[in-house]
>>> print(open('data-v7.txt').read())   # compact mmCIF, C-alpha atoms
# COMPACT_ATOMS: atom_id res chain seq x y z
CA MET A 1 -63.16 120.16 -14.51
CA LYS A 2 -64.11 116.52 -14.07
CA VAL A 3 -67.75 115.49 -13.56
CA LEU A 4 -68.03 112.88 -10.79
CA TYR A 5 -71.84 112.52 -10.73
CA GLU A 6 -74.83 114.13 -12.40
CA ASP A 7 -78.58 113.70 -12.70
CA ASN A 8 -81.57 116.00 -13.20
CA HIS A 9 -81.21 117.62 -9.78
CA VAL A 10 -77.52 117.71 -8.84
CA ILE A 11 -74.09 117.76 -10.43
CA ILE A 12 -70.85 117.00 -8.58
CA VAL A 13 -67.45 117.93 -10.00
CA SER A 14 -63.81 117.77 -9.00
CA LYS A 15 -62.31 121.25 -8.66
CA SER A 16 -58.67 122.00 -9.40
CA SER A 17 -56.68 124.23 -7.06
CA GLY A 18 -56.66 127.81 -8.34
CA GLU A 19 -60.28 127.74 -9.48
CA ILE A 20 -62.87 129.90 -7.74
CA VAL A 21 -66.26 128.31 -7.12
CA GLN A 22 -68.25 131.54 -7.47
CA GLY A 23 -67.45 134.87 -9.11
CA ASP A 24 -65.43 137.41 -7.11
CA LYS A 25 -63.65 140.75 -7.56
CA THR A 26 -60.86 139.13 -9.60
CA GLY A 27 -63.21 138.74 -12.56
CA ASP A 28 -61.82 135.27 -13.26
CA THR A 29 -64.25 132.75 -14.72
CA PRO A 30 -65.70 130.79 -11.79
CA LEU A 31 -66.28 127.05 -11.71
CA SER A 32 -70.04 127.68 -11.53
CA GLU A 33 -69.95 129.29 -15.00
CA THR A 34 -67.85 126.43 -16.41
CA VAL A 35 -70.42 123.94 -15.10
CA LYS A 36 -73.29 125.98 -16.58
CA GLN A 37 -71.58 125.95 -19.96
CA TYR A 38 -71.04 122.19 -19.71
CA ILE A 39 -74.74 121.63 -18.96
CA ALA A 40 -75.86 123.94 -21.79
CA GLU A 41 -73.68 122.12 -24.31
CA ARG A 42 -74.30 118.56 -23.07
CA TYR A 43 -78.07 118.89 -22.87
CA ASN A 44 -78.50 121.47 -25.65
CA LYS A 45 -80.20 123.92 -23.29
CA PRO A 46 -80.96 127.36 -24.78
CA GLY A 47 -81.02 130.47 -22.60
CA ASN A 48 -79.91 130.69 -19.01
CA VAL A 49 -79.00 127.47 -17.20
CA PHE A 50 -80.03 127.24 -13.53
CA LEU A 51 -77.20 126.27 -11.19
CA GLY A 52 -77.27 126.72 -7.44
CA VAL A 53 -74.06 127.07 -5.40
CA VAL A 54 -74.53 124.91 -2.31
CA HIS A 55 -71.06 125.22 -0.72
CA ARG A 56 -67.61 126.54 -1.57
CA LEU A 57 -63.96 125.56 -1.39
CA ASP A 58 -61.16 128.08 -0.95
CA ARG A 59 -59.41 128.95 -4.20
CA PRO A 60 -56.13 127.06 -3.46
CA VAL A 61 -58.04 123.91 -2.35
CA SER A 62 -58.94 121.02 -4.68
CA GLY A 63 -61.64 118.37 -4.56
CA VAL A 64 -65.37 117.63 -4.51
CA VAL A 65 -67.85 120.44 -5.17
CA LEU A 66 -71.63 119.91 -5.25
CA PHE A 67 -74.04 122.10 -7.26
CA ALA A 68 -77.84 122.03 -7.48
CA ARG A 69 -79.50 121.88 -10.90
CA THR A 70 -83.01 122.70 -9.68
CA SER A 71 -84.42 125.15 -7.15
CA LYS A 72 -85.99 122.24 -5.24
CA ALA A 73 -82.58 120.56 -4.86
CA LEU A 74 -80.94 123.87 -3.93
CA SER A 75 -83.30 124.62 -1.05
CA ARG A 76 -83.12 121.07 0.31
CA LEU A 77 -79.34 120.81 0.00
CA SER A 78 -78.83 124.21 1.62
CA GLU A 79 -80.88 123.02 4.58
CA MET A 80 -78.89 119.77 4.73
CA PHE A 81 -75.61 121.71 4.88
CA ARG A 82 -77.08 124.01 7.51
CA THR A 83 -78.15 121.10 9.71
CA ARG A 84 -74.87 119.22 9.04
CA ALA A 85 -76.61 116.33 7.33
CA VAL A 86 -73.80 116.25 4.73
CA ARG A 87 -70.62 114.38 5.66
CA LYS A 88 -67.49 116.15 4.40
CA THR A 89 -64.10 114.43 4.51
CA TYR A 90 -60.85 116.23 3.65
CA TRP A 91 -57.24 115.18 3.24
CA ALA A 92 -54.51 117.52 4.42
CA ILE A 93 -50.76 117.14 3.99
CA VAL A 94 -49.15 118.85 6.99
CA THR A 95 -45.58 119.87 7.76
CA ALA A 96 -45.40 118.50 11.32
CA ARG A 97 -46.48 115.30 13.01
CA PRO A 98 -49.46 115.78 15.34
CA ALA A 99 -48.86 114.97 19.01
CA SER A 100 -51.73 112.47 18.90
CA GLU A 101 -52.49 110.27 15.91
CA GLU A 102 -56.18 111.12 16.13
CA GLY A 103 -58.38 113.51 18.02
CA THR A 104 -61.06 116.18 18.04
CA LEU A 105 -60.16 119.86 17.77
CA THR A 106 -62.52 122.42 19.30
CA HIS A 107 -61.75 126.11 18.96
CA TRP A 108 -63.52 129.44 18.68
CA LEU A 109 -62.67 131.26 15.47
CA THR A 110 -62.73 134.95 14.64
CA ARG A 111 -62.32 136.39 11.16
CA ASP A 112 -60.29 139.44 10.15
CA GLU A 113 -61.96 140.86 7.05
CA LYS A 114 -58.96 143.05 6.15
CA THR A 115 -56.48 140.17 5.99
CA ASN A 116 -59.09 137.50 5.12
CA LYS A 117 -57.68 135.34 7.88
CA ALA A 118 -59.18 133.35 10.75
CA ARG A 119 -57.75 133.12 14.24
CA ALA A 120 -58.36 130.25 16.67
CA TYR A 121 -58.87 130.59 20.42
CA ASP A 122 -59.11 127.91 23.09
CA ARG A 123 -62.14 129.56 24.66
CA GLU A 124 -65.01 131.72 23.47
CA VAL A 125 -64.14 135.36 22.77
CA PRO A 126 -66.34 138.22 21.51
CA GLY A 127 -67.40 137.69 17.89
CA SER A 128 -66.11 134.12 17.73
CA LYS A 129 -67.83 131.03 16.36
CA LYS A 130 -67.33 127.49 17.63
CA ALA A 131 -65.38 125.22 15.25
CA VAL A 132 -65.12 121.44 15.62
CA LEU A 133 -63.32 118.82 13.52
CA ASP A 134 -62.01 115.28 13.89
CA TYR A 135 -58.66 114.23 12.46
CA ARG A 136 -56.62 111.07 12.18
CA LEU A 137 -53.14 110.37 10.88
CA ILE A 138 -53.27 108.12 7.80
CA ALA A 139 -49.69 108.04 6.52
CA SER A 140 -46.33 109.77 6.54
CA SER A 141 -43.42 110.40 4.20
CA GLU A 142 -39.92 111.58 5.03
CA ARG A 143 -41.01 115.16 5.71
CA TYR A 144 -44.81 115.25 5.58
CA TRP A 145 -47.87 113.69 7.23
CA LEU A 146 -51.30 112.95 5.74
CA LEU A 147 -54.29 113.70 7.94
CA GLU A 148 -57.91 112.78 7.23
CA VAL A 149 -60.24 115.48 8.53
CA GLU A 150 -63.98 115.35 9.08
CA LEU A 151 -65.71 118.68 9.58
CA HIS A 152 -68.53 119.12 12.07
CA THR A 153 -68.88 122.86 11.47
CA GLY A 154 -68.24 124.95 8.37
CA ARG A 155 -66.26 128.01 9.43
CA HIS A 156 -64.11 130.30 7.30
CA HIS A 157 -60.68 128.69 6.74
CA GLN A 158 -61.55 126.27 9.54
CA ILE A 159 -59.27 123.35 8.67
CA ARG A 160 -56.36 125.60 7.75
CA CYS A 161 -56.66 127.61 10.95
CA GLN A 162 -57.30 124.75 13.38
CA LEU A 163 -54.50 122.52 12.08
CA SER A 164 -52.12 125.48 12.26
CA LYS A 165 -53.22 126.16 15.84
CA MET A 166 -52.42 122.50 16.61
CA GLY A 167 -48.89 123.08 15.31
CA CYS A 168 -49.44 121.28 11.99
CA PRO A 169 -49.73 123.87 9.20
CA ILE A 170 -50.84 122.61 5.80
CA LYS A 171 -48.08 122.28 3.20
CA GLY A 172 -47.93 125.39 1.03
CA ASP A 173 -50.26 127.46 3.23
CA LEU A 174 -48.14 130.54 3.91
CA LYS A 175 -51.10 132.38 5.44
CA TYR A 176 -51.30 129.83 8.25
CA GLY A 177 -47.67 129.12 8.99
CA ALA A 178 -46.17 126.99 6.23
CA ALA A 179 -42.51 127.82 5.61
CA ARG A 180 -42.76 127.82 1.81
CA SER A 181 -45.38 127.89 -0.91
CA ASN A 182 -46.23 125.11 -3.34
CA PRO A 183 -44.88 125.73 -6.88
CA ASP A 184 -48.39 125.88 -8.38
CA GLY A 185 -49.78 128.22 -5.71
CA SER A 186 -52.01 125.50 -4.22
CA ILE A 187 -52.19 124.43 -0.61
CA SER A 188 -52.13 120.70 0.14
CA LEU A 189 -55.76 120.47 1.22
CA HIS A 190 -58.17 118.29 -0.77
CA ALA A 191 -61.92 117.81 -0.37
CA ARG A 192 -61.72 114.04 -0.66
CA ARG A 193 -65.24 112.74 -0.08
CA LEU A 194 -68.86 113.88 0.13
CA GLN A 195 -71.67 111.71 1.55
CA PHE A 196 -75.31 112.74 1.70
CA GLU A 197 -78.88 111.69 0.99
CA HIS A 198 -80.05 112.73 -2.47
CA PRO A 199 -82.40 115.71 -1.97
CA VAL A 200 -85.12 114.26 -4.22
CA SER A 201 -84.68 110.48 -4.63
CA LYS A 202 -83.45 110.08 -1.01
CA LEU A 203 -80.88 107.53 -2.20
CA PRO A 204 -77.42 107.60 -0.54
CA ILE A 205 -74.75 109.44 -2.53
CA ASP A 206 -71.07 108.79 -1.78
CA ILE A 207 -68.54 110.56 -4.01
CA THR A 208 -64.73 110.53 -3.82
CA ALA A 209 -62.43 112.84 -5.79
CA ARG A 210 -59.01 111.66 -6.90
CA VAL A 211 -56.08 113.65 -5.53
CA PRO A 212 -54.18 116.19 -7.68
CA GLU A 213 -51.60 114.93 -10.17
CA ASP A 214 -48.64 115.56 -7.93
CA LYS A 215 -45.98 113.08 -6.82
CA LEU A 216 -46.53 113.56 -3.09
CA TRP A 217 -50.31 113.36 -3.41
CA GLN A 218 -49.99 110.24 -5.59
CA PHE A 219 -47.73 108.66 -2.98
CA PHE A 220 -50.24 109.31 -0.20
CA GLU A 221 -53.27 108.13 -2.18
CA LYS A 222 -51.92 104.58 -1.97
CA PHE A 223 -52.74 104.60 1.75
CA ASP A 224 -56.46 105.22 1.27
CA SER A 225 -58.41 102.75 3.40
>>> encode(input="data-v7.txt", output="structure tokens")
Amino acid sequence: MKVLYEDNHVIIVSKSSGEIVQGDKTGDTPLSETVKQYIAERYNKPGNVFLGVVHRLDRPVSGVVLFARTSKALSRLSEMFRTRAVRKTYWAIVTARPASEEGTLTHWLTRDEKTNKARAYDREVPGSKKAVLDYRLIASSERYWLLEVELHTGRHHQIRCQLSKMGCPIKGDLKYGAARSNPDGSISLHARRLQFEHPVSKLPIDITARVPEDKLWQFFEKFDS
């Protein structure tokens, strides 16, 4: 875990792929507990440390994660995420070149609880939720393409599902059409940047997380504009 920003009300860290943000049935130690332990040790806090989970990243995804350190910050940040006042930018390495170098994807997503998988439709169907994102092609290598994605909605597996529907599955994402897995079990999706107004001070916060220590990611990071 790497701390990217912290003050009395919020703490922002860079998550590694494979970590879970919040506890689940696996029983693995979640990132939220690691952050609590860090706060307890750094600030010599006895007893329970308050930490509010504001948003989540899928386990195989890396990048920026924001936590609230006070109940005031938690309620305000939760409302900001709900009203889409937080700008979330992702990087995705995909296995096919998109037909257009940039565009907006609009689909209606359903979720299969048994398989934990989303499905994208071109029109509204029963039980679906509208999903919207913008993408643009940043760079390419011999076999892969780097897309920058900005989310306008926060649906389950939204980026993974919508890019796959476009014909551009994310590298390593077997669930959504990639031909092979990544050696470390990750998928090549990274929460690159988070921009929002501080919930208490109202100052602008703009945080970027470095890409994973991987040759392909390192190659693509050089193209950051």
>>> atom_distance(input="data-v7.txt", atom1="CA of Lys15 (chain A)", atom2="CA of Pro30 (chain A)")
10.6 Å
>>> closest_residue(input="data-v7.txt", among="A:Asn48, A:Thr153, A:Thr110, A:Ser140", to="Glu221 (chain A)", atoms="all atoms listed in the file")
A:Ser140
>>> residues_around(input="data-v7.txt", residues="Val64 (chain A)", least_positions_apart="4", cutoff="8 Å", atoms="all atoms listed in the file", output="count of residues only")
11
>>> residues_around(input="data-v7.txt", residues="His190 (chain A)", least_positions_apart="3", cutoff="7 Å", atoms="all atoms listed in the file", output="PyMOL selection string")
chain A and resi 61-63+90-92+211
>>> closest_atom_pairs(input="data-v7.txt", of="region 143-214 of chain A", to="region 97-100 of chain A", cutoff="10 Å", atoms="all atoms listed in the file", output="tab-separated table")
residue	atom	partner	partner_atom	distance
A:Arg143	CA	A:Arg97	CA	9.1
A:Tyr144	CA	A:Arg97	CA	7.6
A:Trp145	CA	A:Arg97	CA	6.2
A:Leu146	CA	A:Arg97	CA	9.0
A:Leu147	CA	A:Pro98	CA	9.1
A:Leu163	CA	A:Pro98	CA	9.0
A:Met166	CA	A:Pro98	CA	7.5
A:Gly167	CA	A:Pro98	CA	7.3
A:Cys168	CA	A:Pro98	CA	6.4
A:Pro169	CA	A:Arg97	CA	9.9
>>> write_last_selection(input="data-v7.txt", atoms="C-alpha atoms", output="compact mmCIF listing (two decimals), keeping the file's coordinate frame")
# COMPACT_ATOMS: atom_id res chain seq x y z
CA ARG A 143 -41.01 115.16 5.71
CA TYR A 144 -44.81 115.25 5.58
CA TRP A 145 -47.87 113.69 7.23
CA LEU A 146 -51.30 112.95 5.74
CA LEU A 147 -54.29 113.70 7.94
CA LEU A 163 -54.50 122.52 12.08
CA MET A 166 -52.42 122.50 16.61
CA GLY A 167 -48.89 123.08 15.31
CA CYS A 168 -49.44 121.28 11.99
CA PRO A 169 -49.73 123.87 9.20
>>> residues_around(input="data-v7.txt", residues="region 178-185 of chain A", least_positions_apart="2", cutoff="9 Å", atoms="only C-alpha atoms", output="NGL selection string")
:A and (17-18 or 60 or 94-95 or 164 or 168-176 or 187-188)
>>> residues_around(input="data-v7.txt", residues="Cys161 (chain A)", least_positions_apart="4", cutoff="7 Å", atoms="all atoms listed in the file", output="PDB file with C-alpha atoms, in the coordinates of the input")
ATOM      1  CA  ALA A 118     -59.180 133.350  10.750  1.00  0.00           C
ATOM      2  CA  ARG A 119     -57.750 133.120  14.240  1.00  0.00           C
ATOM      3  CA  ALA A 120     -58.360 130.250  16.670  1.00  0.00           C
ATOM      4  CA  HIS A 157     -60.680 128.690   6.740  1.00  0.00           C
ATOM      5  CA  LYS A 165     -53.220 126.160  15.840  1.00  0.00           C
ATOM      6  CA  TYR A 176     -51.300 129.830   8.250  1.00  0.00           C
TER       7      TYR A 176
END
>>> closest_residue(input="data-v7.txt", among="A:Tyr5, A:Phe81, A:Trp217, A:Tyr38", to="Leu151 (chain A)", atoms="only C-alpha atoms")
A:Phe81
>>> atom_distance(input="data-v7.txt", atom1="CA of Leu57 (chain A)", atom2="CA of Met1 (chain A)")
14.2 Å
>>> atom_distance(input="data-v7.txt", atom1="CA of Val21 (chain A)", atom2="CA of Arg155 (chain A)")
16.6 Å
>>> closest_residue(input="data-v7.txt", among="A:Val200, A:Ala139, A:Lys45, A:Val65", to="Lys2 (chain A)", atoms="all atoms listed in the file")
A:Val65
>>> closest_residue(input="data-v7.txt", among="A:Ile11, A:Lys215, A:Thr89, A:Arg123", to="Leu74 (chain A)", atoms="all atoms listed in the file")
A:Ile11
>>> residues_around(input="data-v7.txt", residues="Tyr135 (chain A)", least_positions_apart="3", cutoff="6 Å", atoms="only C-alpha atoms", output="NGL selection string")
:A and (102-103 or 148-149)
>>> decode(input="data-v7.txt", residues="region 152-198 of chain A", atoms="C-alpha atoms", output="compact mmCIF listing (two decimals), in the first residue's frame")
# COMPACT_ATOMS: atom_id res chain seq x y z
CA HIS A 152 -20.06 8.91 -15.97
CA THR A 153 -21.88 6.14 -14.10
CA GLY A 154 -20.62 3.58 -11.60
CA ARG A 155 -22.06 0.21 -12.58
CA HIS A 156 -20.82 -3.26 -11.65
CA HIS A 157 -17.88 -4.22 -13.90
CA GLN A 158 -18.86 -1.32 -16.15
CA ILE A 159 -15.55 -0.64 -17.90
CA ARG A 160 -14.75 -4.32 -18.31
CA CYS A 161 -18.17 -5.10 -19.75
CA GLN A 162 -18.55 -2.08 -22.02
CA LEU A 163 -15.08 -2.31 -23.56
CA SER A 164 -15.66 -6.01 -24.20
CA LYS A 165 -19.00 -5.21 -25.84
CA MET A 166 -17.12 -2.75 -28.09
CA GLY A 167 -14.83 -5.61 -29.16
CA CYS A 168 -11.86 -4.48 -27.04
CA PRO A 169 -11.53 -6.80 -24.02
CA ILE A 170 -9.08 -5.77 -21.32
CA LYS A 171 -5.79 -7.68 -21.29
CA GLY A 172 -5.96 -10.55 -18.81
CA ASP A 173 -9.72 -10.32 -18.26
CA LEU A 174 -10.84 -13.86 -19.05
CA LYS A 175 -14.34 -13.18 -17.71
CA TYR A 176 -14.94 -10.59 -20.42
CA GLY A 177 -13.28 -12.13 -23.43
CA ALA A 178 -9.50 -11.92 -23.09
CA ALA A 179 -7.75 -14.91 -24.65
CA ARG A 180 -5.30 -15.45 -21.79
CA SER A 181 -4.78 -14.39 -18.20
CA ASN A 182 -2.02 -12.17 -16.84
CA PRO A 183 0.70 -14.12 -14.96
CA ASP A 184 -0.08 -12.34 -11.65
CA GLY A 185 -3.85 -12.81 -11.94
CA SER A 186 -4.46 -9.09 -12.50
CA ILE A 187 -6.40 -7.50 -15.32
CA SER A 188 -4.83 -4.53 -17.11
CA LEU A 189 -7.21 -1.93 -15.70
CA HIS A 190 -5.84 0.86 -13.50
CA ALA A 191 -7.68 3.61 -11.62
CA ARG A 192 -5.31 6.33 -12.77
CA ARG A 193 -6.71 9.60 -11.43
CA LEU A 194 -9.25 10.98 -8.96
CA GLN A 195 -10.39 14.62 -8.94
CA PHE A 196 -12.84 16.10 -6.45
CA GLU A 197 -13.53 18.97 -4.07
CA HIS A 198 -12.33 18.26 -0.54
